[in-house]
file entry-v8.pdb (PDB, N, CA and C atoms and all ligand atoms)
MODEL        1
ATOM      1  N   MET A 202     110.158  82.512 111.693  1.00  0.00           N
ATOM      2  CA  MET A 202     109.675  83.591 112.560  1.00  0.00           C
ATOM      3  C   MET A 202     109.207  84.767 111.695  1.00  0.00           C
ATOM      4  N   VAL A 203     108.003  85.227 111.955  1.00  0.00           N
ATOM      5  CA  VAL A 203     107.433  86.326 111.170  1.00  0.00           C
ATOM      6  C   VAL A 203     107.395  87.588 112.027  1.00  0.00           C
ATOM      7  N   GLN A 204     107.841  88.669 111.428  1.00  0.00           N
ATOM      8  CA  GLN A 204     107.852  89.960 112.121  1.00  0.00           C
ATOM      9  C   GLN A 204     106.701  90.818 111.605  1.00  0.00           C
ATOM     10  N   HIS A 205     105.918  91.381 112.515  1.00  0.00           N
ATOM     11  CA  HIS A 205     104.791  92.256 112.155  1.00  0.00           C
ATOM     12  C   HIS A 205     105.132  93.668 112.595  1.00  0.00           C
ATOM     13  N   THR A 206     105.144  94.580 111.658  1.00  0.00           N
ATOM     14  CA  THR A 206     105.449  95.969 111.996  1.00  0.00           C
ATOM     15  C   THR A 206     104.257  96.841 111.625  1.00  0.00           C
ATOM     16  N   VAL A 207     103.824  97.673 112.565  1.00  0.00           N
ATOM     17  CA  VAL A 207     102.728  98.617 112.316  1.00  0.00           C
ATOM     18  C   VAL A 207     103.280 100.030 112.390  1.00  0.00           C
ATOM     19  N   ASP A 208     103.010 100.807 111.378  1.00  0.00           N
ATOM     20  CA  ASP A 208     103.383 102.222 111.378  1.00  0.00           C
ATOM     21  C   ASP A 208     102.329 102.969 112.193  1.00  0.00           C
ATOM     22  N   ASP A 209     102.706 103.364 113.403  1.00  0.00           N
ATOM     23  CA  ASP A 209     101.753 104.015 114.297  1.00  0.00           C
ATOM     24  C   ASP A 209     101.310 105.382 113.784  1.00  0.00           C
ATOM     25  N   GLU A 210     102.083 105.946 112.887  1.00  0.00           N
ATOM     26  CA  GLU A 210     101.673 107.226 112.284  1.00  0.00           C
ATOM     27  C   GLU A 210     100.503 107.012 111.320  1.00  0.00           C
ATOM     28  N   LYS A 211     100.408 105.820 110.770  1.00  0.00           N
ATOM     29  CA  LYS A 211      99.363 105.531 109.775  1.00  0.00           C
ATOM     30  C   LYS A 211      98.152 104.823 110.380  1.00  0.00           C
ATOM     31  N   CYS A 212      98.385 103.902 111.334  1.00  0.00           N
ATOM     32  CA  CYS A 212      97.292 103.104 111.879  1.00  0.00           C
ATOM     33  C   CYS A 212      96.264 103.997 112.571  1.00  0.00           C
ATOM     34  N   ARG A 213      94.998 103.774 112.232  1.00  0.00           N
ATOM     35  CA  ARG A 213      93.929 104.542 112.895  1.00  0.00           C
ATOM     36  C   ARG A 213      92.979 103.629 113.668  1.00  0.00           C
ATOM     37  N   GLY A 214      93.407 102.402 113.904  1.00  0.00           N
ATOM     38  CA  GLY A 214      92.653 101.515 114.789  1.00  0.00           C
ATOM     39  C   GLY A 214      91.321 101.052 114.247  1.00  0.00           C
ATOM     40  N   CYS A 215      91.222 100.889 112.939  1.00  0.00           N
ATOM     41  CA  CYS A 215      89.932 100.528 112.336  1.00  0.00           C
ATOM     42  C   CYS A 215      89.528  99.083 112.618  1.00  0.00           C
ATOM     43  N   GLY A 216      90.508  98.230 112.915  1.00  0.00           N
ATOM     44  CA  GLY A 216      90.205  96.843 113.261  1.00  0.00           C
ATOM     45  C   GLY A 216      90.073  95.902 112.076  1.00  0.00           C
ATOM     46  N   LYS A 217      90.324  96.367 110.865  1.00  0.00           N
ATOM     47  CA  LYS A 217      90.174  95.478 109.705  1.00  0.00           C
ATOM     48  C   LYS A 217      91.182  94.335 109.727  1.00  0.00           C
ATOM     49  N   CYS A 218      92.377  94.604 110.211  1.00  0.00           N
ATOM     50  CA  CYS A 218      93.379  93.537 110.318  1.00  0.00           C
ATOM     51  C   CYS A 218      92.913  92.477 111.310  1.00  0.00           C
ATOM     52  N   GLU A 219      92.353  92.924 112.415  1.00  0.00           N
ATOM     53  CA  GLU A 219      91.837  92.006 113.435  1.00  0.00           C
ATOM     54  C   GLU A 219      90.690  91.175 112.864  1.00  0.00           C
ATOM     55  N   ASP A 220      89.823  91.795 112.103  1.00  0.00           N
ATOM     56  CA  ASP A 220      88.665  91.099 111.543  1.00  0.00           C
ATOM     57  C   ASP A 220      89.067  90.024 110.539  1.00  0.00           C
ATOM     58  N   ILE A 221      90.102  90.287 109.765  1.00  0.00           N
ATOM     59  CA  ILE A 221      90.402  89.403 108.636  1.00  0.00           C
ATOM     60  C   ILE A 221      91.359  88.267 108.981  1.00  0.00           C
ATOM     61  N   CYS A 222      92.135  88.397 110.032  1.00  0.00           N
ATOM     62  CA  CYS A 222      93.126  87.359 110.353  1.00  0.00           C
ATOM     63  C   CYS A 222      92.422  86.104 110.864  1.00  0.00           C
ATOM     64  N   SER A 223      92.540  85.028 110.109  1.00  0.00           N
ATOM     65  CA  SER A 223      91.852  83.779 110.472  1.00  0.00           C
ATOM     66  C   SER A 223      92.468  83.146 111.718  1.00  0.00           C
ATOM     67  N   LEU A 224      93.682  83.554 112.059  1.00  0.00           N
ATOM     68  CA  LEU A 224      94.358  82.994 113.231  1.00  0.00           C
ATOM     69  C   LEU A 224      94.204  83.884 114.458  1.00  0.00           C
ATOM     70  N   GLU A 225      93.469  84.976 114.303  1.00  0.00           N
ATOM     71  CA  GLU A 225      93.173  85.904 115.413  1.00  0.00           C
ATOM     72  C   GLU A 225      94.443  86.399 116.100  1.00  0.00           C
ATOM     73  N   LEU A 226      95.370  86.888 115.276  1.00  0.00           N
ATOM     74  CA  LEU A 226      96.655  87.322 115.820  1.00  0.00           C
ATOM     75  C   LEU A 226      96.717  88.826 116.116  1.00  0.00           C
ATOM     76  N   TRP A 227      95.658  89.561 115.746  1.00  0.00           N
ATOM     77  CA  TRP A 227      95.672  91.017 115.977  1.00  0.00           C
ATOM     78  C   TRP A 227      94.729  91.412 117.101  1.00  0.00           C
ATOM     79  N   GLU A 228      95.150  92.452 117.829  1.00  0.00           N
ATOM     80  CA  GLU A 228      94.309  93.064 118.854  1.00  0.00           C
ATOM     81  C   GLU A 228      94.396  94.576 118.708  1.00  0.00           C
ATOM     82  N   MET A 229      93.358  95.253 119.163  1.00  0.00           N
ATOM     83  CA  MET A 229      93.395  96.713 119.179  1.00  0.00           C
ATOM     84  C   MET A 229      93.783  97.166 120.587  1.00  0.00           C
ATOM     85  N   ALA A 230      94.887  97.876 120.682  1.00  0.00           N
ATOM     86  CA  ALA A 230      95.374  98.350 121.972  1.00  0.00           C
ATOM     87  C   ALA A 230      95.038  99.824 122.151  1.00  0.00           C
ATOM     88  N   GLU A 231      94.893 100.228 123.394  1.00  0.00           N
ATOM     89  CA  GLU A 231      94.666 101.646 123.688  1.00  0.00           C
ATOM     90  C   GLU A 231      95.943 102.426 123.394  1.00  0.00           C
ATOM     91  N   ALA A 232      95.789 103.555 122.755  1.00  0.00           N
ATOM     92  CA  ALA A 232      96.933 104.424 122.487  1.00  0.00           C
ATOM     93  C   ALA A 232      96.647 105.805 123.077  1.00  0.00           C
ATOM     94  N   ASP A 233      97.540 106.727 122.834  1.00  0.00           N
ATOM     95  CA  ASP A 233      97.393 108.070 123.409  1.00  0.00           C
ATOM     96  C   ASP A 233      96.071 108.705 122.994  1.00  0.00           C
ATOM     97  N   GLY A 234      95.472 109.436 123.905  1.00  0.00           N
ATOM     98  CA  GLY A 234      94.272 110.192 123.592  1.00  0.00           C
ATOM     99  C   GLY A 234      93.040 109.343 123.371  1.00  0.00           C
ATOM    100  N   GLY A 235      93.048 108.105 123.905  1.00  0.00           N
ATOM    101  CA  GLY A 235      91.883 107.240 123.789  1.00  0.00           C
ATOM    102  C   GLY A 235      91.725 106.608 122.419  1.00  0.00           C
ATOM    103  N   THR A 236      92.720 106.739 121.572  1.00  0.00           N
ATOM    104  CA  THR A 236      92.657 106.119 120.249  1.00  0.00           C
ATOM    105  C   THR A 236      93.108 104.662 120.346  1.00  0.00           C
ATOM    106  N   LYS A 237      92.944 103.924 119.258  1.00  0.00           N
ATOM    107  CA  LYS A 237      93.335 102.510 119.220  1.00  0.00           C
ATOM    108  C   LYS A 237      94.428 102.312 118.175  1.00  0.00           C
ATOM    109  N   ARG A 238      95.254 101.318 118.443  1.00  0.00           N
ATOM    110  CA  ARG A 238      96.305 100.950 117.509  1.00  0.00           C
ATOM    111  C   ARG A 238      96.402  99.435 117.452  1.00  0.00           C
ATOM    112  N   ALA A 239      96.741  98.928 116.273  1.00  0.00           N
ATOM    113  CA  ALA A 239      96.849  97.487 116.083  1.00  0.00           C
ATOM    114  C   ALA A 239      98.160  96.963 116.667  1.00  0.00           C
ATOM    115  N   VAL A 240      98.051  95.865 117.392  1.00  0.00           N
ATOM    116  CA  VAL A 240      99.234  95.148 117.888  1.00  0.00           C
ATOM    117  C   VAL A 240      98.984  93.651 117.682  1.00  0.00           C
ATOM    118  N   VAL A 241     100.049  92.887 117.543  1.00  0.00           N
ATOM    119  CA  VAL A 241      99.872  91.439 117.430  1.00  0.00           C
ATOM    120  C   VAL A 241      99.997  90.787 118.798  1.00  0.00           C
ATOM    121  N   VAL A 242      99.363  89.650 118.941  1.00  0.00           N
ATOM    122  CA  VAL A 242      99.475  88.893 120.183  1.00  0.00           C
ATOM    123  C   VAL A 242     100.901  88.357 120.302  1.00  0.00           C
ATOM    124  N   GLU A 243     101.274  88.001 121.508  1.00  0.00           N
ATOM    125  CA  GLU A 243     102.672  87.667 121.802  1.00  0.00           C
ATOM    126  C   GLU A 243     103.220  86.537 120.929  1.00  0.00           C
ATOM    127  N   GLU A 244     102.388  85.537 120.669  1.00  0.00           N
ATOM    128  CA  GLU A 244     102.865  84.364 119.942  1.00  0.00           C
ATOM    129  C   GLU A 244     102.737  84.495 118.415  1.00  0.00           C
ATOM    130  N   ALA A 245     102.374  85.669 117.940  1.00  0.00           N
ATOM    131  CA  ALA A 245     102.105  85.852 116.509  1.00  0.00           C
ATOM    132  C   ALA A 245     103.294  85.485 115.618  1.00  0.00           C
ATOM    133  N   GLY A 246     104.485  85.798 116.067  1.00  0.00           N
ATOM    134  CA  GLY A 246     105.666  85.522 115.258  1.00  0.00           C
ATOM    135  C   GLY A 246     105.857  84.044 114.968  1.00  0.00           C
ATOM    136  N   GLU A 247     105.382  83.206 115.890  1.00  0.00           N
ATOM    137  CA  GLU A 247     105.524  81.757 115.727  1.00  0.00           C
ATOM    138  C   GLU A 247     104.371  81.158 114.913  1.00  0.00           C
ATOM    139  N   ILE A 248     103.199  81.796 114.977  1.00  0.00           N
ATOM    140  CA  ILE A 248     101.983  81.190 114.423  1.00  0.00           C
ATOM    141  C   ILE A 248     101.630  81.709 113.038  1.00  0.00           C
ATOM    142  N   CYS A 249     101.921  82.958 112.774  1.00  0.00           N
ATOM    143  CA  CYS A 249     101.520  83.614 111.521  1.00  0.00           C
ATOM    144  C   CYS A 249     101.979  82.810 110.307  1.00  0.00           C
ATOM    145  N   ASN A 250     101.080  82.668 109.320  1.00  0.00           N
ATOM    146  CA  ASN A 250     101.403  81.909 108.109  1.00  0.00           C
ATOM    147  C   ASN A 250     101.767  82.807 106.930  1.00  0.00           C
ATOM    148  N   SER A 251     101.955  84.099 107.212  1.00  0.00           N
ATOM    149  CA  SER A 251     102.360  85.075 106.185  1.00  0.00           C
ATOM    150  C   SER A 251     101.401  85.121 105.006  1.00  0.00           C
ATOM    151  N   CYS A 252     100.113  84.983 105.272  1.00  0.00           N
ATOM    152  CA  CYS A 252      99.134  85.036 104.182  1.00  0.00           C
ATOM    153  C   CYS A 252      98.986  86.450 103.622  1.00  0.00           C
ATOM    154  N   LEU A 253      99.394  87.432 104.407  1.00  0.00           N
ATOM    155  CA  LEU A 253      99.359  88.861 104.032  1.00  0.00           C
ATOM    156  C   LEU A 253      97.950  89.443 103.950  1.00  0.00           C
ATOM    157  N   CYS A 254      96.949  88.697 104.408  1.00  0.00           N
ATOM    158  CA  CYS A 254      95.577  89.227 104.384  1.00  0.00           C
ATOM    159  C   CYS A 254      95.476  90.520 105.181  1.00  0.00           C
ATOM    160  N   CYS A 255      96.166  90.590 106.315  1.00  0.00           N
ATOM    161  CA  CYS A 255      96.074  91.793 107.158  1.00  0.00           C
ATOM    162  C   CYS A 255      96.676  92.999 106.448  1.00  0.00           C
ATOM    163  N   SER A 256      97.845  92.838 105.881  1.00  0.00           N
ATOM    164  CA  SER A 256      98.467  93.983 105.212  1.00  0.00           C
ATOM    165  C   SER A 256      97.692  94.373 103.959  1.00  0.00           C
ATOM    166  N   ASP A 257      97.125  93.392 103.266  1.00  0.00           N
ATOM    167  CA  ASP A 257      96.315  93.704 102.081  1.00  0.00           C
ATOM    168  C   ASP A 257      95.028  94.435 102.469  1.00  0.00           C
ATOM    169  N   ALA A 258      94.477  94.095 103.639  1.00  0.00           N
ATOM    170  CA  ALA A 258      93.199  94.681 104.067  1.00  0.00           C
ATOM    171  C   ALA A 258      93.358  96.064 104.681  1.00  0.00           C
ATOM    172  N   CYS A 259      94.559  96.400 105.081  1.00  0.00           N
ATOM    173  CA  CYS A 259      94.752  97.679 105.793  1.00  0.00           C
ATOM    174  C   CYS A 259      94.568  98.858 104.837  1.00  0.00           C
ATOM    175  N   PRO A 260      93.593  99.713 105.098  1.00  0.00           N
ATOM    176  CA  PRO A 260      93.354 100.845 104.200  1.00  0.00           C
ATOM    177  C   PRO A 260      94.421 101.926 104.290  1.00  0.00           C
ATOM    178  N   GLU A 261      95.231 101.855 105.329  1.00  0.00           N
ATOM    179  CA  GLU A 261      96.271 102.876 105.529  1.00  0.00           C
ATOM    180  C   GLU A 261      97.664 102.388 105.128  1.00  0.00           C
ATOM    181  N   ASP A 262      97.755 101.156 104.639  1.00  0.00           N
ATOM    182  CA  ASP A 262      99.050 100.574 104.269  1.00  0.00           C
ATOM    183  C   ASP A 262     100.039 100.657 105.433  1.00  0.00           C
ATOM    184  N   ALA A 263      99.540 100.323 106.630  1.00  0.00           N
ATOM    185  CA  ALA A 263     100.349 100.507 107.846  1.00  0.00           C
ATOM    186  C   ALA A 263     101.101  99.256 108.279  1.00  0.00           C
ATOM    187  N   ILE A 264     100.769  98.097 107.684  1.00  0.00           N
ATOM    188  CA  ILE A 264     101.331  96.822 108.167  1.00  0.00           C
ATOM    189  C   ILE A 264     102.414  96.311 107.224  1.00  0.00           C
ATOM    190  N   THR A 265     103.540  95.924 107.800  1.00  0.00           N
ATOM    191  CA  THR A 265     104.598  95.274 107.036  1.00  0.00           C
ATOM    192  C   THR A 265     104.868  93.908 107.676  1.00  0.00           C
ATOM    193  N   ILE A 266     104.845  92.869 106.837  1.00  0.00           N
ATOM    194  CA  ILE A 266     105.118  91.501 107.297  1.00  0.00           C
ATOM    195  C   ILE A 266     106.449  91.060 106.698  1.00  0.00           C
ATOM    196  N   THR A 267     107.365  90.626 107.550  1.00  0.00           N
ATOM    197  CA  THR A 267     108.660  90.146 107.062  1.00  0.00           C
ATOM    198  C   THR A 267     108.973  88.813 107.741  1.00  0.00           C
ATOM    199  N   GLU A 268     109.694  87.966 107.043  1.00  0.00           N
ATOM    200  CA  GLU A 268     110.108  86.691 107.606  1.00  0.00           C
ATOM    201  C   GLU A 268     111.588  86.740 107.920  1.00  0.00           C
ATOM    202  N   GLU A 269     111.951  86.239 109.089  1.00  0.00           N
ATOM    203  CA  GLU A 269     113.356  86.271 109.510  1.00  0.00           C
ATOM    204  C   GLU A 269     113.948  84.879 109.465  1.00  0.00           C
TER     205      GLU A 269
HETATM  206  S1  LIG B 301      93.809  97.615 109.314  1.00  0.00           S
HETATM  207 FE1  LIG B 301      95.541  99.058 109.336  1.00  0.00          FE
HETATM  208  S2  LIG B 301      94.681 100.990 110.064  1.00  0.00           S
HETATM  209 FE2  LIG B 301      93.207  99.385 110.580  1.00  0.00          FE
HETATM  210  S3  LIG B 301      93.784  98.760 112.694  1.00  0.00           S
HETATM  211 FE3  LIG B 301      94.863  97.386 111.297  1.00  0.00          FE
HETATM  212  S4  LIG B 301      96.899  98.354 111.006  1.00  0.00           S
HETATM  213 FE4  LIG B 301      95.515  99.909 111.845  1.00  0.00          FE
HETATM  214  S1  LIG B 302      99.805  87.526 107.635  1.00  0.00           S
HETATM  215 FE1  LIG B 302      97.865  86.374 107.757  1.00  0.00          FE
HETATM  216  S2  LIG B 302      98.110  84.993 109.518  1.00  0.00           S
HETATM  217 FE2  LIG B 302      99.699  86.561 109.666  1.00  0.00          FE
HETATM  218  S3  LIG B 302      98.837  88.140 111.004  1.00  0.00           S
HETATM  219 FE3  LIG B 302      98.371  88.729 108.864  1.00  0.00          FE
HETATM  220  S4  LIG B 302      96.337  87.879 108.408  1.00  0.00           S
HETATM  221 FE4  LIG B 302      97.137  86.871 110.266  1.00  0.00          FE
ENDMDL
END
call {"tool": "encode", "arguments": {"input": "entry-v8.pdb", "output": "structure tokens"}}
result
Amino acid sequence: MVQHTVDDEKCRGCGKCEDICSLELWEMAEADGGTKRAVVVEEAGEICNSCLCCSDACPEDAITITEE
């Protein structure tokens, strides 16, 4: 099981994580004030292969991937 954590203080909704994930596990959700924030789809914990492409691509260093 893979845990995806996004630091909402850092994420600015650029969508780079969504663009780079080959398994399409990221979505941009509406946040306060009409801004966007990255969230993973419900089944991401089961499907993610921990390639770390999303966390490597994030310009804000907002994503942490951990395995449980
Ligand atoms: S790449 Fe980083 S800053 Fe951009 S949407 Fe994803 S988590 Fe947010
Ligand atoms: S670690 Fe890889 S497979 Fe998992 S969400 Fe990030 S880009 Fe997608």
call {"tool": "residues_near_ligand", "arguments": {"input": "entry-v8.pdb", "ligand": "ligand LIG 302 (chain B)", "cutoff": "7 Å", "atoms": "only C-alpha atoms and all ligand atoms", "output": "VMD selection string"}}
result
chain A and resid 218 221 to 227 245 249 to 256 266
call {"tool": "resolve_selection", "arguments": {"input": "entry-v8.pdb", "expression": "the PyMOL selection byres (((chain A and resi 236-240 and name CA) around 8) and not hetatm and name CA)", "output": "list in words"}}
result
Val207, Asp209, Cys212, Arg213, Gly214, Cys215, Gly216, Cys218, Glu219, Trp227, Glu228, Met229, Ala230, Glu231, Ala232, Asp233, Gly234, Gly235, Val241 and Val242 of chain A
call {"tool": "write_last_selection", "arguments": {"input": "entry-v8.pdb", "atoms": "N, CA and C atoms", "output": "CSV table (one decimal), keeping the file's coordinate frame"}}
result
chain,number,residue,atom,x,y,z
A,207,VAL,N,103.8,97.7,112.6
A,207,VAL,CA,102.7,98.6,112.3
A,207,VAL,C,103.3,100.0,112.4
A,209,ASP,N,102.7,103.4,113.4
A,209,ASP,CA,101.8,104.0,114.3
A,209,ASP,C,101.3,105.4,113.8
A,212,CYS,N,98.4,103.9,111.3
A,212,CYS,CA,97.3,103.1,111.9
A,212,CYS,C,96.3,104.0,112.6
A,213,ARG,N,95.0,103.8,112.2
A,213,ARG,CA,93.9,104.5,112.9
A,213,ARG,C,93.0,103.6,113.7
A,214,GLY,N,93.4,102.4,113.9
A,214,GLY,CA,92.7,101.5,114.8
A,214,GLY,C,91.3,101.1,114.2
A,215,CYS,N,91.2,100.9,112.9
A,215,CYS,CA,89.9,100.5,112.3
A,215,CYS,C,89.5,99.1,112.6
A,216,GLY,N,90.5,98.2,112.9
A,216,GLY,CA,90.2,96.8,113.3
A,216,GLY,C,90.1,95.9,112.1
A,218,CYS,N,92.4,94.6,110.2
A,218,CYS,CA,93.4,93.5,110.3
A,218,CYS,C,92.9,92.5,111.3
A,219,GLU,N,92.4,92.9,112.4
A,219,GLU,CA,91.8,92.0,113.4
A,219,GLU,C,90.7,91.2,112.9
A,227,TRP,N,95.7,89.6,115.7
A,227,TRP,CA,95.7,91.0,116.0
A,227,TRP,C,94.7,91.4,117.1
A,228,GLU,N,95.2,92.5,117.8
A,228,GLU,CA,94.3,93.1,118.9
A,228,GLU,C,94.4,94.6,118.7
A,229,MET,N,93.4,95.3,119.2
A,229,MET,CA,93.4,96.7,119.2
A,229,MET,C,93.8,97.2,120.6
A,230,ALA,N,94.9,97.9,120.7
A,230,ALA,CA,95.4,98.4,122.0
A,230,ALA,C,95.0,99.8,122.2
A,231,GLU,N,94.9,100.2,123.4
A,231,GLU,CA,94.7,101.6,123.7
A,231,GLU,C,95.9,102.4,123.4
A,232,ALA,N,95.8,103.6,122.8
A,232,ALA,CA,96.9,104.4,122.5
A,232,ALA,C,96.6,105.8,123.1
A,233,ASP,N,97.5,106.7,122.8
A,233,ASP,CA,97.4,108.1,123.4
A,233,ASP,C,96.1,108.7,123.0
A,234,GLY,N,95.5,109.4,123.9
A,234,GLY,CA,94.3,110.2,123.6
A,234,GLY,C,93.0,109.3,123.4
A,235,GLY,N,93.0,108.1,123.9
A,235,GLY,CA,91.9,107.2,123.8
A,235,GLY,C,91.7,106.6,122.4
A,241,VAL,N,100.0,92.9,117.5
A,241,VAL,CA,99.9,91.4,117.4
A,241,VAL,C,100.0,90.8,118.8
A,242,VAL,N,99.4,89.6,118.9
A,242,VAL,CA,99.5,88.9,120.2
A,242,VAL,C,100.9,88.4,120.3
call {"tool": "atom_distance", "arguments": {"input": "entry-v8.pdb", "atom1": "atom CA of A:Asp220", "atom2": "atom CA of A:Pro260"}}
result
13.1 Å
call {"tool": "closest_residue", "arguments": {"input": "entry-v8.pdb", "among": "A:Asp257, A:Thr265, A:Lys217, A:Glu247", "to": "ligand LIG 301 (chain B)", "atoms": "only C-alpha atoms and all ligand atoms"}}
result
A:Lys217
call {"tool": "axis_aligned_box", "arguments": {"input": "entry-v8.pdb", "around": "ligand LIG 301 (chain B)", "padding_each_side": "3 Å", "output": "AutoDock Vina command-line options"}}
result
--center_x 95.1 --center_y 99.2 --center_z 111.0 --size_x 9.7 --size_y 9.6 --size_z 9.4
call {"tool": "select_by_dssp", "arguments": {"input": "entry-v8.pdb", "residues": "chain A", "states": "strand (DSSP E or B)", "output": "ChimeraX atom specification"}}
result
/A:203-207,227-231,237-241,264-268
call {"tool": "write_last_selection", "arguments": {"input": "entry-v8.pdb", "atoms": "N, CA and C atoms", "output": "PDB file, in the frame of the given file"}}
result
ATOM      1  N   VAL A 203     108.003  85.227 111.955  1.00  0.00           N
ATOM      2  CA  VAL A 203     107.433  86.326 111.170  1.00  0.00           C
ATOM      3  C   VAL A 203     107.395  87.588 112.027  1.00  0.00           C
ATOM      4  N   GLN A 204     107.841  88.669 111.428  1.00  0.00           N
ATOM      5  CA  GLN A 204     107.852  89.960 112.121  1.00  0.00           C
ATOM      6  C   GLN A 204     106.701  90.818 111.605  1.00  0.00           C
ATOM      7  N   HIS A 205     105.918  91.381 112.515  1.00  0.00           N
ATOM      8  CA  HIS A 205     104.791  92.256 112.155  1.00  0.00           C
ATOM      9  C   HIS A 205     105.132  93.668 112.595  1.00  0.00           C
ATOM     10  N   THR A 206     105.144  94.580 111.658  1.00  0.00           N
ATOM     11  CA  THR A 206     105.449  95.969 111.996  1.00  0.00           C
ATOM     12  C   THR A 206     104.257  96.841 111.625  1.00  0.00           C
ATOM     13  N   VAL A 207     103.824  97.673 112.565  1.00  0.00           N
ATOM     14  CA  VAL A 207     102.728  98.617 112.316  1.00  0.00           C
ATOM     15  C   VAL A 207     103.280 100.030 112.390  1.00  0.00           C
ATOM     16  N   TRP A 227      95.658  89.561 115.746  1.00  0.00           N
ATOM     17  CA  TRP A 227      95.672  91.017 115.977  1.00  0.00           C
ATOM     18  C   TRP A 227      94.729  91.412 117.101  1.00  0.00           C
ATOM     19  N   GLU A 228      95.150  92.452 117.829  1.00  0.00           N
ATOM     20  CA  GLU A 228      94.309  93.064 118.854  1.00  0.00           C
ATOM     21  C   GLU A 228      94.396  94.576 118.708  1.00  0.00           C
ATOM     22  N   MET A 229      93.358  95.253 119.163  1.00  0.00           N
ATOM     23  CA  MET A 229      93.395  96.713 119.179  1.00  0.00           C
ATOM     24  C   MET A 229      93.783  97.166 120.587  1.00  0.00           C
ATOM     25  N   ALA A 230      94.887  97.876 120.682  1.00  0.00           N
ATOM     26  CA  ALA A 230      95.374  98.350 121.972  1.00  0.00           C
ATOM     27  C   ALA A 230      95.038  99.824 122.151  1.00  0.00           C
ATOM     28  N   GLU A 231      94.893 100.228 123.394  1.00  0.00           N
ATOM     29  CA  GLU A 231      94.666 101.646 123.688  1.00  0.00           C
ATOM     30  C   GLU A 231      95.943 102.426 123.394  1.00  0.00           C
ATOM     31  N   LYS A 237      92.944 103.924 119.258  1.00  0.00           N
ATOM     32  CA  LYS A 237      93.335 102.510 119.220  1.00  0.00           C
ATOM     33  C   LYS A 237      94.428 102.312 118.175  1.00  0.00           C
ATOM     34  N   ARG A 238      95.254 101.318 118.443  1.00  0.00           N
ATOM     35  CA  ARG A 238      96.305 100.950 117.509  1.00  0.00           C
ATOM     36  C   ARG A 238      96.402  99.435 117.452  1.00  0.00           C
ATOM     37  N   ALA A 239      96.741  98.928 116.273  1.00  0.00           N
ATOM     38  CA  ALA A 239      96.849  97.487 116.083  1.00  0.00           C
ATOM     39  C   ALA A 239      98.160  96.963 116.667  1.00  0.00           C
ATOM     40  N   VAL A 240      98.051  95.865 117.392  1.00  0.00           N
ATOM     41  CA  VAL A 240      99.234  95.148 117.888  1.00  0.00           C
ATOM     42  C   VAL A 240      98.984  93.651 117.682  1.00  0.00           C
ATOM     43  N   VAL A 241     100.049  92.887 117.543  1.00  0.00           N
ATOM     44  CA  VAL A 241      99.872  91.439 117.430  1.00  0.00           C
ATOM     45  C   VAL A 241      99.997  90.787 118.798  1.00  0.00           C
ATOM     46  N   ILE A 264     100.769  98.097 107.684  1.00  0.00           N
ATOM     47  CA  ILE A 264     101.331  96.822 108.167  1.00  0.00           C
ATOM     48  C   ILE A 264     102.414  96.311 107.224  1.00  0.00           C
ATOM     49  N   THR A 265     103.540  95.924 107.800  1.00  0.00           N
ATOM     50  CA  THR A 265     104.598  95.274 107.036  1.00  0.00           C
ATOM     51  C   THR A 265     104.868  93.908 107.676  1.00  0.00           C
ATOM     52  N   ILE A 266     104.845  92.869 106.837  1.00  0.00           N
ATOM     53  CA  ILE A 266     105.118  91.501 107.297  1.00  0.00           C
ATOM     54  C   ILE A 266     106.449  91.060 106.698  1.00  0.00           C
ATOM     55  N   THR A 267     107.365  90.626 107.550  1.00  0.00           N
ATOM     56  CA  THR A 267     108.660  90.146 107.062  1.00  0.00           C
ATOM     57  C   THR A 267     108.973  88.813 107.741  1.00  0.00           C
ATOM     58  N   GLU A 268     109.694  87.966 107.043  1.00  0.00           N
ATOM     59  CA  GLU A 268     110.108  86.691 107.606  1.00  0.00           C
ATOM     60  C   GLU A 268     111.588  86.740 107.920  1.00  0.00           C
TER      61      GLU A 268
END
